[in-house]
Every structure is written in structure tokens, then in C-alpha cells.
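Structure file my_file_18.pdb with PDB, C-alpha atoms, pLDDT in the B column:
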ATOM      1  CA  MET A 251      88.401 114.806  94.977  1.00 59.00           C
ATOM      2  CA  ALA A 252      90.131 112.534  92.464  1.00 72.00           C
ATOM      3  CA  LYS A 253      92.402 114.219  89.947  1.00 86.00           C
ATOM      4  CA  ALA A 254      90.982 114.544  86.429  1.00 90.00           C
ATOM      5  CA  GLN A 255      92.367 112.228  83.754  1.00 95.00           C
ATOM      6  CA  HIS A 256      92.409 112.308  79.970  1.00 97.00           C
ATOM      7  CA  PHE A 257      90.116 109.638  78.548  1.00 97.00           C
ATOM      8  CA  TYR A 258      90.159 108.840  74.858  1.00 96.00           C
ATOM      9  CA  GLY A 259      88.438 106.796  72.186  1.00 96.00           C
ATOM     10  CA  ILE A 260      84.986 107.323  70.651  1.00 97.00           C
ATOM     11  CA  HIS A 261      83.086 104.782  72.761  1.00 96.00           C
ATOM     12  CA  ALA A 262      84.859 105.518  76.036  1.00 96.00           C
ATOM     13  CA  VAL A 263      84.339 109.277  75.745  1.00 97.00           C
ATOM     14  CA  GLN A 264      80.722 108.990  74.642  1.00 97.00           C
ATOM     15  CA  ALA A 265      79.962 106.598  77.522  1.00 97.00           C
ATOM     16  CA  ILE A 266      81.439 108.980  80.102  1.00 97.00           C
ATOM     17  CA  LEU A 267      79.419 111.894  78.746  1.00 97.00           C
ATOM     18  CA  SER A 268      76.260 109.785  78.624  1.00 96.00           C
ATOM     19  CA  GLU A 269      76.611 108.226  82.077  1.00 96.00           C
ATOM     20  CA  ARG A 270      78.286 110.978  84.115  1.00 96.00           C
ATOM     21  CA  GLY A 271      78.714 114.081  82.012  1.00 95.00           C
ATOM     22  CA  THR A 272      79.021 116.311  85.087  1.00 96.00           C
ATOM     23  CA  ASP A 273      82.400 114.686  85.812  1.00 96.00           C
ATOM     24  CA  ALA A 274      83.866 116.049  82.563  1.00 96.00           C
ATOM     25  CA  SER A 275      85.460 119.465  82.219  1.00 96.00           C
ATOM     26  CA  ALA A 276      86.986 119.726  78.729  1.00 97.00           C
ATOM     27  CA  LEU A 277      86.803 118.010  75.355  1.00 98.00           C
ATOM     28  CA  TRP A 278      89.449 118.116  72.637  1.00 98.00           C
ATOM     29  CA  VAL A 279      88.457 117.200  69.080  1.00 97.00           C
ATOM     30  CA  GLN A 280      90.879 116.572  66.231  1.00 96.00           C
ATOM     31  CA  ASP A 281      90.806 119.317  63.634  1.00 95.00           C
ATOM     32  CA  GLY A 282      88.778 118.264  60.607  1.00 94.00           C
ATOM     33  CA  ARG A 283      86.724 115.630  62.442  1.00 94.00           C
ATOM     34  CA  GLN A 284      84.093 117.902  64.019  1.00 92.00           C
ATOM     35  CA  ASN A 285      81.407 116.758  61.583  1.00 92.00           C
ATOM     36  CA  ASP A 286      82.251 113.048  61.609  1.00 94.00           C
ATOM     37  CA  ALA A 287      79.184 110.897  62.279  1.00 95.00           C
ATOM     38  CA  SER A 288      80.835 109.426  65.356  1.00 96.00           C
ATOM     39  CA  VAL A 289      82.229 112.692  66.713  1.00 96.00           C
ATOM     40  CA  ALA A 290      79.326 115.122  66.227  1.00 96.00           C
ATOM     41  CA  PRO A 291      77.115 113.400  68.861  1.00 96.00           C
ATOM     42  CA  ILE A 292      79.987 113.646  71.356  1.00 97.00           C
ATOM     43  CA  ILE A 293      80.287 117.382  70.763  1.00 97.00           C
ATOM     44  CA  ALA A 294      76.519 117.714  71.186  1.00 97.00           C
ATOM     45  CA  LEU A 295      76.672 115.866  74.514  1.00 96.00           C
ATOM     46  CA  ALA A 296      79.526 118.083  75.678  1.00 97.00           C
ATOM     47  CA  ASP A 297      77.506 121.189  74.757  1.00 96.00           C
ATOM     48  CA  THR A 298      74.614 119.861  76.850  1.00 96.00           C
ATOM     49  CA  TYR A 299      76.822 119.961  79.942  1.00 96.00           C
ATOM     50  CA  GLY A 300      78.479 123.247  79.057  1.00 96.00           C
ATOM     51  CA  ILE A 301      81.822 121.519  78.586  1.00 97.00           C
ATOM     52  CA  SER A 302      84.574 123.436  76.822  1.00 95.00           C
ATOM     53  CA  VAL A 303      85.185 122.036  73.325  1.00 96.00           C
ATOM     54  CA  GLN A 304      88.587 122.740  71.810  1.00 96.00           C
ATOM     55  CA  ILE A 305      89.849 121.926  68.333  1.00 97.00           C
ATOM     56  CA  ALA A 306      93.416 120.646  68.202  1.00 96.00           C
ATOM     57  CA  GLY A 307      95.805 118.811  65.913  1.00 96.00           C
ATOM     58  CA  LYS A 308      96.237 115.061  65.926  1.00 96.00           C
ATOM     59  CA  ASP A 309      99.647 115.236  67.602  1.00 97.00           C
ATOM     60  CA  ALA A 310      98.293 117.421  70.388  1.00 97.00           C
ATOM     61  CA  LEU A 311      95.608 114.840  71.140  1.00 96.00           C
ATOM     62  CA  THR A 312      98.192 112.069  71.092  1.00 97.00           C
ATOM     63  CA  LYS A 313     100.197 113.966  73.701  1.00 97.00           C
ATOM     64  CA  LEU A 314      97.137 114.563  75.881  1.00 96.00           C
ATOM     65  CA  ALA A 315      96.044 110.931  75.720  1.00 96.00           C
ATOM     66  CA  ASP A 316      99.586 109.574  75.880  1.00 95.00           C
ATOM     67  CA  SER A 317      98.430 107.302  73.089  1.00 95.00           C
ATOM     68  CA  PRO A 318      97.885 107.554  69.320  1.00 96.00           C
ATOM     69  CA  GLN A 319      94.692 105.500  69.679  1.00 95.00           C
ATOM     70  CA  HIS A 320      92.484 108.465  70.605  1.00 96.00           C
ATOM     71  CA  GLN A 321      90.236 108.275  67.483  1.00 96.00           C
ATOM     72  CA  GLY A 322      90.084 112.063  67.353  1.00 96.00           C
ATOM     73  CA  VAL A 323      88.595 112.762  70.799  1.00 97.00           C
ATOM     74  CA  VAL A 324      90.095 113.281  74.267  1.00 97.00           C
ATOM     75  CA  LEU A 325      88.008 114.089  77.329  1.00 97.00           C
ATOM     76  CA  GLN A 326      89.236 115.499  80.614  1.00 97.00           C
ATOM     77  CA  ALA A 327      87.135 113.969  83.377  1.00 97.00           C
ATOM     78  CA  ARG A 328      87.282 112.686  86.920  1.00 96.00           C
ATOM     79  CA  PRO A 329      87.790 108.915  87.164  1.00 94.00           C
ATOM     80  CA  LYS A 330      84.748 106.764  87.734  1.00 94.00           C
ATOM     81  CA  HIS A 331      83.811 105.843  91.298  1.00 92.00           C
ATOM     82  CA  VAL A 332      85.156 102.427  92.266  1.00 94.00           C
ATOM     83  CA  GLY A 333      83.241 100.591  94.973  1.00 95.00           C
ATOM     84  CA  ASP A 334      84.661  99.056  98.148  1.00 95.00           C
ATOM     85  CA  ASP A 335      83.737  96.417 100.734  1.00 94.00           C
ATOM     86  CA  ALA A 336      80.778  98.487 101.933  1.00 95.00           C
ATOM     87  CA  ASP A 337      79.430  98.685  98.386  1.00 95.00           C
ATOM     88  CA  LEU A 338      79.713  94.910  98.056  1.00 94.00           C
ATOM     89  CA  ALA A 339      77.720  94.465 101.273  1.00 93.00           C
ATOM     90  CA  ALA A 340      75.068  96.858  99.956  1.00 93.00           C
ATOM     91  CA  LEU A 341      74.917  94.984  96.644  1.00 91.00           C
ATOM     92  CA  LEU A 342      74.311  91.686  98.439  1.00 90.00           C
ATOM     93  CA  GLN A 343      71.646  93.232 100.645  1.00 90.00           C
ATOM     94  CA  ASP A 344      69.887  94.725  97.627  1.00 89.00           C
ATOM     95  CA  ALA A 345      69.998  91.394  95.780  1.00 85.00           C
ATOM     96  CA  ARG A 346      68.376  89.634  98.736  1.00 82.00           C
ATOM     97  CA  ALA A 347      65.662  92.285  98.906  1.00 85.00           C
ATOM     98  CA  ARG A 348      64.943  91.987  95.179  1.00 84.00           C
ATOM     99  CA  GLN A 349      65.235  88.176  95.228  1.00 83.00           C
ATOM    100  CA  THR A 350      67.152  88.449  91.976  1.00 86.00           C
ATOM    101  CA  PRO A 351      69.971  85.957  91.264  1.00 91.00           C
ATOM    102  CA  ILE A 352      73.334  87.667  90.988  1.00 95.00           C
ATOM    103  CA  LEU A 353      76.305  86.810  88.807  1.00 97.00           C
ATOM    104  CA  LEU A 354      79.636  88.146  90.023  1.00 98.00           C
ATOM    105  CA  LEU A 355      83.002  88.078  88.260  1.00 98.00           C
ATOM    106  CA  LEU A 356      86.046  88.007  90.538  1.00 97.00           C
ATOM    107  CA  LEU A 357      89.398  88.786  88.918  1.00 96.00           C
ATOM    108  CA  ASP A 358      92.374  87.618  90.949  1.00 94.00           C
ATOM    109  CA  GLN A 359      95.427  89.811  90.284  1.00 89.00           C
ATOM    110  CA  ILE A 360      94.689  90.772  86.682  1.00 93.00           C
ATOM    111  CA  THR A 361      97.453  93.305  86.055  1.00 91.00           C
ATOM    112  CA  ASP A 362      97.217  93.794  82.289  1.00 93.00           C
ATOM    113  CA  PRO A 363      94.953  96.783  81.420  1.00 93.00           C
ATOM    114  CA  ASN A 364      94.036  95.150  78.106  1.00 94.00           C
ATOM    115  CA  ASN A 365      92.725  92.064  79.890  1.00 94.00           C
ATOM    116  CA  LEU A 366      90.798  94.067  82.481  1.00 95.00           C
ATOM    117  CA  GLY A 367      89.178  96.191  79.782  1.00 96.00           C
ATOM    118  CA  ALA A 368      88.229  93.136  77.733  1.00 96.00           C
ATOM    119  CA  CYS A 369      86.796  91.403  80.808  1.00 96.00           C
ATOM    120  CA  LEU A 370      84.659  94.441  81.646  1.00 97.00           C
ATOM    121  CA  ARG A 371      83.326  94.524  78.084  1.00 96.00           C
ATOM    122  CA  THR A 372      82.391  90.834  78.199  1.00 97.00           C
ATOM    123  CA  ALA A 373      80.886  91.208  81.683  1.00 97.00           C
ATOM    124  CA  VAL A 374      78.418  93.806  80.406  1.00 97.00           C
ATOM    125  CA  ALA A 375      77.485  91.659  77.408  1.00 97.00           C
ATOM    126  CA  MET A 376      76.910  88.527  79.511  1.00 97.00           C
ATOM    127  CA  GLY A 377      74.797  90.065  82.272  1.00 96.00           C
ATOM    128  CA  VAL A 378      77.282  90.216  85.147  1.00 97.00           C
ATOM    129  CA  THR A 379      76.040  92.081  88.224  1.00 96.00           C
ATOM    130  CA  ALA A 380      79.450  93.456  89.262  1.00 97.00           C
ATOM    131  CA  VAL A 381      83.163  92.828  88.815  1.00 97.00           C
ATOM    132  CA  ILE A 382      85.232  92.411  91.973  1.00 97.00           C
ATOM    133  CA  VAL A 383      89.005  92.857  92.160  1.00 96.00           C
ATOM    134  CA  PRO A 384      91.536  93.015  95.007  1.00 94.00           C
ATOM    135  CA  LYS A 385      92.709  96.463  96.024  1.00 91.00           C
ATOM    136  CA  HIS A 386      96.352  95.639  95.369  1.00 88.00           C
ATOM    137  CA  HIS A 387      98.208  93.836  92.577  1.00 85.00           C
ATOM    138  CA  THR A 388      95.559  94.556  89.980  1.00 89.00           C
ATOM    139  CA  SER A 389      95.149  96.974  87.096  1.00 90.00           C
ATOM    140  CA  SER A 390      93.291 100.139  88.053  1.00 90.00           C
ATOM    141  CA  LEU A 391      90.503 101.706  86.019  1.00 91.00           C
ATOM    142  CA  THR A 392      92.766 103.817  83.802  1.00 93.00           C
ATOM    143  CA  PRO A 393      91.905 105.633  80.557  1.00 95.00           C
ATOM    144  CA  ALA A 394      93.631 102.773  78.723  1.00 94.00           C
ATOM    145  CA  VAL A 395      91.269 100.276  80.368  1.00 95.00           C
ATOM    146  CA  ALA A 396      88.297 102.489  79.473  1.00 95.00           C
ATOM    147  CA  LYS A 397      89.431 102.588  75.838  1.00 94.00           C
ATOM    148  CA  ILE A 398      89.744  98.792  75.624  1.00 95.00           C
ATOM    149  CA  ALA A 399      86.357  98.356  77.322  1.00 95.00           C
ATOM    150  CA  VAL A 400      84.723 100.562  74.618  1.00 93.00           C
ATOM    151  CA  GLY A 401      82.247 102.120  77.040  1.00 94.00           C
ATOM    152  CA  ALA A 402      81.668  99.074  79.245  1.00 95.00           C
ATOM    153  CA  ALA A 403      83.761 100.531  82.074  1.00 95.00           C
ATOM    154  CA  GLU A 404      80.990 103.083  82.628  1.00 96.00           C
ATOM    155  CA  LEU A 405      78.246 100.454  82.643  1.00 96.00           C
ATOM    156  CA  MET A 406      79.758  97.774  84.873  1.00 96.00           C
ATOM    157  CA  PRO A 407      80.104  98.320  88.645  1.00 95.00           C
ATOM    158  CA  LEU A 408      83.706  97.686  89.702  1.00 97.00           C
ATOM    159  CA  ILE A 409      84.385  96.885  93.347  1.00 97.00           C
ATOM    160  CA  GLN A 410      87.838  96.822  94.946  1.00 96.00           C
ATOM    161  CA  VAL A 411      87.996  94.747  98.112  1.00 96.00           C
ATOM    162  CA  THR A 412      90.720  94.928 100.727  1.00 94.00           C
ATOM    163  CA  ASN A 413      91.095  91.147 100.940  1.00 93.00           C
ATOM    164  CA  LEU A 414      89.759  88.921  98.166  1.00 94.00           C
ATOM    165  CA  ALA A 415      89.709  85.736 100.279  1.00 93.00           C
ATOM    166  CA  ARG A 416      87.712  87.495 103.008  1.00 94.00           C
ATOM    167  CA  ALA A 417      85.318  88.876 100.407  1.00 95.00           C
ATOM    168  CA  MET A 418      84.798  85.352  99.072  1.00 95.00           C
ATOM    169  CA  ASP A 419      83.983  84.132 102.586  1.00 95.00           C
ATOM    170  CA  ASN A 420      81.446  86.948 102.855  1.00 94.00           C
ATOM    171  CA  LEU A 421      79.872  85.968  99.551  1.00 96.00           C
ATOM    172  CA  LYS A 422      79.536  82.356 100.660  1.00 95.00           C
ATOM    173  CA  GLN A 423      77.960  83.412 103.957  1.00 94.00           C
ATOM    174  CA  ASN A 424      75.396  85.300 101.888  1.00 93.00           C
ATOM    175  CA  GLY A 425      74.481  82.237  99.839  1.00 93.00           C
ATOM    176  CA  VAL A 426      76.644  82.885  96.784  1.00 96.00           C
ATOM    177  CA  PHE A 427      78.212  79.739  95.330  1.00 97.00           C
ATOM    178  CA  VAL A 428      81.817  80.429  94.345  1.00 97.00           C
ATOM    179  CA  TYR A 429      83.392  78.694  91.354  1.00 97.00           C
ATOM    180  CA  GLY A 430      87.089  79.064  90.582  1.00 95.00           C
ATOM    181  CA  THR A 431      88.787  78.220  87.299  1.00 92.00           C
ATOM    182  CA  ALA A 432      91.826  75.974  87.684  1.00 87.00           C
ATOM    183  CA  LEU A 433      93.501  72.942  86.173  1.00 79.00           C
ATOM    184  CA  ASP A 434      93.118  70.674  89.199  1.00 80.00           C
ATOM    185  CA  ASP A 435      92.261  67.029  89.795  1.00 81.00           C
ATOM    186  CA  THR A 436      89.140  68.067  91.699  1.00 86.00           C
ATOM    187  CA  ALA A 437      87.914  70.460  88.993  1.00 89.00           C
ATOM    188  CA  LYS A 438      84.731  69.720  87.058  1.00 93.00           C
ATOM    189  CA  PRO A 439      84.035  70.557  83.421  1.00 93.00           C
ATOM    190  CA  LEU A 440      82.400  73.965  83.256  1.00 94.00           C
ATOM    191  CA  ALA A 441      79.246  72.743  81.496  1.00 93.00           C
ATOM    192  CA  ALA A 442      78.653  70.169  84.259  1.00 94.00           C
ATOM    193  CA  CYS A 443      78.186  72.916  86.863  1.00 95.00           C
ATOM    194  CA  ASP A 444      74.966  74.718  87.773  1.00 95.00           C
ATOM    195  CA  LEU A 445      75.544  78.413  87.100  1.00 96.00           C
ATOM    196  CA  THR A 446      71.920  79.541  87.372  1.00 95.00           C
ATOM    197  CA  GLY A 447      71.652  80.796  90.977  1.00 92.00           C
ATOM    198  CA  ASP A 448      73.663  83.283  93.013  1.00 95.00           C
ATOM    199  CA  VAL A 449      77.077  82.613  91.527  1.00 97.00           C
ATOM    200  CA  ALA A 450      80.565  84.083  91.656  1.00 97.00           C
ATOM    201  CA  LEU A 451      83.134  83.092  89.031  1.00 98.00           C
ATOM    202  CA  VAL A 452      86.807  83.542  89.875  1.00 97.00           C
ATOM    203  CA  MET A 453      89.360  84.010  87.102  1.00 95.00           C
ATOM    204  CA  GLY A 454      93.090  83.957  87.797  1.00 90.00           C
ATOM    205  CA  SER A 455      96.026  86.047  86.694  1.00 82.00           C
ATOM    206  CA  GLU A 456      97.629  85.809  83.284  1.00 69.00           C
ATOM    207  CA  GLY A 457     100.624  83.762  84.406  1.00 72.00           C
ATOM    208  CA  GLU A 458      99.844  82.036  87.684  1.00 77.00           C
ATOM    209  CA  GLY A 459      96.095  81.464  87.592  1.00 82.00           C
ATOM    210  CA  ILE A 460      94.158  81.866  90.821  1.00 86.00           C
ATOM    211  CA  ARG A 461      96.241  81.926  94.008  1.00 88.00           C
ATOM    212  CA  ARG A 462      96.264  78.987  96.427  1.00 87.00           C
ATOM    213  CA  LEU A 463      94.311  80.820  99.133  1.00 88.00           C
ATOM    214  CA  THR A 464      91.801  81.951  96.549  1.00 90.00           C
ATOM    215  CA  ALA A 465      91.369  78.406  95.235  1.00 90.00           C
ATOM    216  CA  GLU A 466      90.886  77.071  98.761  1.00 91.00           C
ATOM    217  CA  ARG A 467      88.000  79.494  99.289  1.00 92.00           C
ATOM    218  CA  CYS A 468      86.125  78.271  96.212  1.00 95.00           C
ATOM    219  CA  ASP A 469      83.173  75.920  96.644  1.00 96.00           C
ATOM    220  CA  GLN A 470      84.092  74.159  93.422  1.00 95.00           C
ATOM    221  CA  LEU A 471      86.919  74.383  90.907  1.00 96.00           C
ATOM    222  CA  VAL A 472      86.052  74.165  87.213  1.00 94.00           C
ATOM    223  CA  TYR A 473      87.916  73.940  83.944  1.00 91.00           C
ATOM    224  CA  ILE A 474      87.223  74.637  80.290  1.00 88.00           C
ATOM    225  CA  PRO A 475      87.671  71.422  78.268  1.00 86.00           C
ATOM    226  CA  MET A 476      90.076  71.943  75.383  1.00 84.00           C
ATOM    227  CA  VAL A 477      90.149  69.207  72.775  1.00 77.00           C
ATOM    228  CA  GLY A 478      92.942  70.631  70.629  1.00 77.00           C
ATOM    229  CA  SER A 479      93.286  70.087  66.927  1.00 78.00           C
ATOM    230  CA  ALA A 480      94.909  67.601  64.569  1.00 73.00           C
ATOM    231  CA  HIS A 481      98.099  69.657  64.889  1.00 80.00           C
ATOM    232  CA  GLY A 482      98.355  69.646  68.683  1.00 77.00           C
ATOM    233  CA  SER A 483      96.800  71.106  71.826  1.00 74.00           C
ATOM    234  CA  ILE A 484      97.299  73.839  74.409  1.00 75.00           C
ATOM    235  CA  GLN A 485      96.681  73.877  78.162  1.00 73.00           C
ATOM    236  CA  SER A 486      95.768  77.502  78.825  1.00 76.00           C
ATOM    237  CA  LEU A 487      94.017  80.538  77.369  1.00 82.00           C
ATOM    238  CA  ASN A 488      94.429  84.270  77.726  1.00 88.00           C
ATOM    239  CA  VAL A 489      92.410  85.297  80.796  1.00 91.00           C
ATOM    240  CA  SER A 490      90.075  87.591  78.861  1.00 94.00           C
ATOM    241  CA  VAL A 491      89.351  84.821  76.351  1.00 93.00           C
ATOM    242  CA  ALA A 492      88.738  82.287  79.133  1.00 93.00           C
ATOM    243  CA  THR A 493      86.520  84.795  80.932  1.00 96.00           C
ATOM    244  CA  GLY A 494      84.418  85.194  77.812  1.00 96.00           C
ATOM    245  CA  MET A 495      83.940  81.436  77.522  1.00 96.00           C
ATOM    246  CA  VAL A 496      83.052  81.010  81.198  1.00 97.00           C
ATOM    247  CA  LEU A 497      80.624  83.923  81.218  1.00 97.00           C
ATOM    248  CA  TYR A 498      78.982  82.724  78.015  1.00 97.00           C
ATOM    249  CA  GLU A 499      78.246  79.354  79.620  1.00 97.00           C
ATOM    250  CA  ALA A 500      76.805  81.097  82.682  1.00 97.00           C
ATOM    251  CA  CYS A 501      74.675  83.361  80.489  1.00 97.00           C
ATOM    252  CA  ARG A 502      73.507  80.425  78.375  1.00 96.00           C
ATOM    253  CA  GLN A 503      72.396  78.453  81.423  1.00 96.00           C
ATOM    254  CA  ARG A 504      70.678  81.424  83.023  1.00 95.00           C
ATOM    255  CA  LEU A 505      68.767  82.273  79.869  1.00 94.00           C
ATOM    256  CA  ALA A 506      67.670  78.640  79.466  1.00 94.00           C
ATOM    257  CA  ALA A 507      66.504  78.514  83.091  1.00 89.00           C
ATOM    258  CA  ALA A 508      64.411  81.646  82.578  1.00 84.00           C
ATOM    259  CA  ILE A 509      62.457  80.164  79.647  1.00 56.00           C
TER     260      ILE A 509
END
Represent the supplied structure as C-alpha cells.
Amino acid sequence: MAKAQHFYGIHAVQAILSERGTDASALWVQDGRQNDASVAPIIALADTYGISVQIAGKDALTKLADSPQHQGVVLQARPKHVGDDADLAALLQDARARQTPILLLLLDQITDPNNLGACLRTAVAMGVTAVIVPKHHTSSLTPAVAKIAVGAAELMPLIQVTNLARAMDNLKQNGVFVYGTALDDTAKPLAACDLTGDVALVMGSEGEGIRRLTAERCDQLVYIPMVGSAHGSIQSLNVSVATGMVLYEACRQRLAAAI
């Protein structure tokens, strides 16, 4: 059984209690905040599961969370289940049975917890089916990621695959069209691509972008046109920002196709 961790932040803690309260074992609340409008519902949820609620000082919570950004609540809980290759196969099988188009987000070596958390948050908002990451050289689903994701980490299936290139081959064999973001001569503007069917979108790491082997597995490379301003232009975006733009275009197209 996975070792319990200390999760923190109003939204992250409330999401854990709402989605998998039986995984939690103790809740610490900052002294003086028990009756706060945002904290009282968390205490009520904890009581529902018979979870120990302890009142502590702000500094004690900071030490537990290893962060001052706890917002007055820290929850001891087991980490969320992270899927594997078998779960990906089951997801594809279920999608075929339901005949429901899937939208997958593949993150290639995203090591910054802030970026992973932000990507998970956007993925939930834009209707992503699941987020897929490689097992190695990627940020894990830590309490810091959960805090940044403001509850989205509990709502979005996260799948770690042993080999990302092999997983992409598997997706393609199952009829999923794989787009990769890259500044390449063969890349098409994002809006010129059909993102309405079974689609996987691959986003690269903060510094290097998607790896060569990853790019070679893509059916089509795409880029986000950037026109710049009167003062100059840039050639790249933070990966979480770029992910938001790419997923918005996919969501926009899929909503329009459903009308």
C-alpha cells in the first residue's frame, strides 16, 4: 500500500475528500479558521468519513505540508491511483464499445510540478479523456501538483506508460490520430487540423520540446501561429500555456461538430 502523503490547499483537499474520502486518515485545520466558509465544508466531509480533525497553528501546518501555501488545511491521505499500460488498453476498449470519440493529452517529459498541475487543470476544463505520461523523467502526482491543479488531479485519469513511443504506436493501431506540437517544416497550423475524432495531442518538455522518437511517431506535427506584436515576437510558450491553447482549439472544434 502506498505511503500516505500530506496534501494541502482548499480545492485539493476538498476534491480528495469528495472523490476518495476513504483514502484519508487525518485532517489538520489552522486554528481560527474552523468556521471559514471554505473550510467548514471540508470539516463536514471529514466527519462523514470519521476522519480525525485536529486544530493546529499556522506554522505547524506549514511544516506538515512543507509549504506555506496550505490555505489553512492539510490532509493526510494515500496518493491517488495512477494508471498503467493495462489501464490505457482498457480505456481504448471501453471507448470502442461506447463509440465515443476520445481526446488524449500526452505529456512528454514534463518535469515541472507547476506545469503538470496546470495541464491537469486545463485538461479537465477542455474535456480530455485522460492524460498520459512516461513512467520516467516526468513529474509525479505529488501534493504540490495537486495544489496547483486545484482539485483537477482527482478528476482527470492519469496514466503512466512504460514507453511513450510504444504507447503512441498502440494508440495509432487503435485508430487514434496522433498530433505532436513542434516547430518543424512539415508542421501545419493548429487550426488547419481536424481535431474532432479520436485524437491524441502530444506536448513536449519545457526546454527541449517533444523528443525525436516521439515526433517520428506522430501522424502530423502542428504549431501554434504566433504573430508577435509591434515590439517584437517570441518563438515558444510555456508548456502549460501552449497546452491550454491547443486543448481549447480541440474543444472548440469538437463542440462545433456536435451542434
Measuring atom to atom with only C-alpha atoms, identify which of A:Thr379, A:Ser479, A:Gln326, A:Asn364 is nearest to Thr350 of chain A. A:Thr379
Here's the selection I'm unsure about, the PyMOL selection byres ((chain A and resi 303) around 8); applied to the file above, which residues does it give, as a PyMOL selection string? chain A and resi 276-279+293+296-297+301-302+304-305
Preceding selection exported with C-alpha atoms as a CSV table (one decimal), keeping the file's coordinate frame:
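Ended up saving to out01.csv:
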chain,number,residue,atom,x,y,z
A,276,ALA,CA,87.0,119.7,78.7
A,277,LEU,CA,86.8,118.0,75.4
A,278,TRP,CA,89.4,118.1,72.6
A,279,VAL,CA,88.5,117.2,69.1
A,293,ILE,CA,80.3,117.4,70.8
A,296,ALA,CA,79.5,118.1,75.7
A,297,ASP,CA,77.5,121.2,74.8
A,301,ILE,CA,81.8,121.5,78.6
A,302,SER,CA,84.6,123.4,76.8
A,304,GLN,CA,88.6,122.7,71.8
A,305,ILE,CA,89.8,121.9,68.3
Output the residue selection produced by the PyMOL selection byres ((chain A and resi 395) around 12) on the file above, formatted as a PDB file with C-alpha atoms, in the coordinates of the input.
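New file expr_8.pdb:
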ATOM      1  CA  PHE A 257      90.116 109.638  78.548  1.00 97.00           C
ATOM      2  CA  TYR A 258      90.159 108.840  74.858  1.00 96.00           C
ATOM      3  CA  GLY A 259      88.438 106.796  72.186  1.00 96.00           C
ATOM      4  CA  ALA A 262      84.859 105.518  76.036  1.00 96.00           C
ATOM      5  CA  PRO A 329      87.790 108.915  87.164  1.00 94.00           C
ATOM      6  CA  LYS A 330      84.748 106.764  87.734  1.00 94.00           C
ATOM      7  CA  ILE A 360      94.689  90.772  86.682  1.00 93.00           C
ATOM      8  CA  THR A 361      97.453  93.305  86.055  1.00 91.00           C
ATOM      9  CA  ASP A 362      97.217  93.794  82.289  1.00 93.00           C
ATOM     10  CA  PRO A 363      94.953  96.783  81.420  1.00 93.00           C
ATOM     11  CA  ASN A 364      94.036  95.150  78.106  1.00 94.00           C
ATOM     12  CA  ASN A 365      92.725  92.064  79.890  1.00 94.00           C
ATOM     13  CA  LEU A 366      90.798  94.067  82.481  1.00 95.00           C
ATOM     14  CA  GLY A 367      89.178  96.191  79.782  1.00 96.00           C
ATOM     15  CA  ALA A 368      88.229  93.136  77.733  1.00 96.00           C
ATOM     16  CA  CYS A 369      86.796  91.403  80.808  1.00 96.00           C
ATOM     17  CA  LEU A 370      84.659  94.441  81.646  1.00 97.00           C
ATOM     18  CA  ARG A 371      83.326  94.524  78.084  1.00 96.00           C
ATOM     19  CA  THR A 388      95.559  94.556  89.980  1.00 89.00           C
ATOM     20  CA  SER A 389      95.149  96.974  87.096  1.00 90.00           C
ATOM     21  CA  SER A 390      93.291 100.139  88.053  1.00 90.00           C
ATOM     22  CA  LEU A 391      90.503 101.706  86.019  1.00 91.00           C
ATOM     23  CA  THR A 392      92.766 103.817  83.802  1.00 93.00           C
ATOM     24  CA  PRO A 393      91.905 105.633  80.557  1.00 95.00           C
ATOM     25  CA  ALA A 394      93.631 102.773  78.723  1.00 94.00           C
ATOM     26  CA  ALA A 396      88.297 102.489  79.473  1.00 95.00           C
ATOM     27  CA  LYS A 397      89.431 102.588  75.838  1.00 94.00           C
ATOM     28  CA  ILE A 398      89.744  98.792  75.624  1.00 95.00           C
ATOM     29  CA  ALA A 399      86.357  98.356  77.322  1.00 95.00           C
ATOM     30  CA  VAL A 400      84.723 100.562  74.618  1.00 93.00           C
ATOM     31  CA  GLY A 401      82.247 102.120  77.040  1.00 94.00           C
ATOM     32  CA  ALA A 402      81.668  99.074  79.245  1.00 95.00           C
ATOM     33  CA  ALA A 403      83.761 100.531  82.074  1.00 95.00           C
ATOM     34  CA  GLU A 404      80.990 103.083  82.628  1.00 96.00           C
TER      35      GLU A 404
END
Do you know which residues are at most 6 Å from segment 405-419 of chain A counting all atoms listed in the file, after dropping those on the same chain fewer than 4 positions away, and could you put them as a short mmCIF file (atom, residue, chain, number, x, y, z; two decimals) with C-alpha atoms, in the frame of the given file?
data_model
loop_
_atom_site.label_atom_id
_atom_site.label_comp_id
_atom_site.auth_asym_id
_atom_site.auth_seq_id
_atom_site.Cartn_x
_atom_site.Cartn_y
_atom_site.Cartn_z
CA VAL A 332 85.16 102.43 92.27
CA GLY A 333 83.24 100.59 94.97
CA ASP A 334 84.66 99.06 98.15
CA ASP A 335 83.74 96.42 100.73
CA ALA A 380 79.45 93.46 89.26
CA VAL A 381 83.16 92.83 88.82
CA ILE A 382 85.23 92.41 91.97
CA VAL A 383 89.00 92.86 92.16
CA PRO A 384 91.54 93.02 95.01
CA LYS A 385 92.71 96.46 96.02
CA THR A 464 91.80 81.95 96.55
#
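The two atoms in question, atom CA of Leu341 of chain A and atom CA of Val472 of chain A, are spaced 25.4 Å apart.
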Counting only C-alpha atoms, I want the residues whose atoms come within 12 Å of (76.0, 117.3, 75.1) in the file frame, returned as a compact mmCIF listing (two decimals) with C-alpha atoms, in the frame of the given file.
# COMPACT_ATOMS: atom_id res chain seq x y z
CA VAL A 263 84.34 109.28 75.74
CA GLN A 264 80.72 108.99 74.64
CA ALA A 265 79.96 106.60 77.52
CA ILE A 266 81.44 108.98 80.10
CA LEU A 267 79.42 111.89 78.75
CA SER A 268 76.26 109.78 78.62
CA GLU A 269 76.61 108.23 82.08
CA ARG A 270 78.29 110.98 84.12
CA GLY A 271 78.71 114.08 82.01
CA THR A 272 79.02 116.31 85.09
CA ALA A 274 83.87 116.05 82.56
CA ALA A 276 86.99 119.73 78.73
CA LEU A 277 86.80 118.01 75.36
CA VAL A 289 82.23 112.69 66.71
CA ALA A 290 79.33 115.12 66.23
CA PRO A 291 77.11 113.40 68.86
CA ILE A 292 79.99 113.65 71.36
CA ILE A 293 80.29 117.38 70.76
CA ALA A 294 76.52 117.71 71.19
CA LEU A 295 76.67 115.87 74.51
CA ALA A 296 79.53 118.08 75.68
CA ASP A 297 77.51 121.19 74.76
CA THR A 298 74.61 119.86 76.85
CA TYR A 299 76.82 119.96 79.94
CA GLY A 300 78.48 123.25 79.06
CA ILE A 301 81.82 121.52 78.59
CA SER A 302 84.57 123.44 76.82
CA VAL A 303 85.18 122.04 73.32
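When all atoms listed in the file are used to compute distances to Leu356 of chain A, the closest of the residues A:Ala507, A:Leu497, A:Leu451, A:Leu471 turns out to be A:Leu451.
This file gives the following result for the PyMOL selection byres ((chain A and resi 454) around 8): Leu357, Asp358, Gln359, Ile360, Thr431, Val452, Met453, Ser455, Glu456, Glu458, Gly459, Ile460, Arg461 and Val489 of chain A.
Between Ala500 of chain A and the candidates A:Asp286, A:His320, A:Asp444, A:Tyr473, the tightest atom-to-atom separation, counting all atoms listed in the file, involves A:Asp444.
Across A:Arg502, A:His387, A:Leu354, A:Gln319, the tightest approach to Val374 of chain A is made by A:Leu354 when counting all atoms listed in the file.
Interatomic distance, atom CA of Tyr498 of chain A against atom CA of Leu353 of chain A: 11.8 Å.
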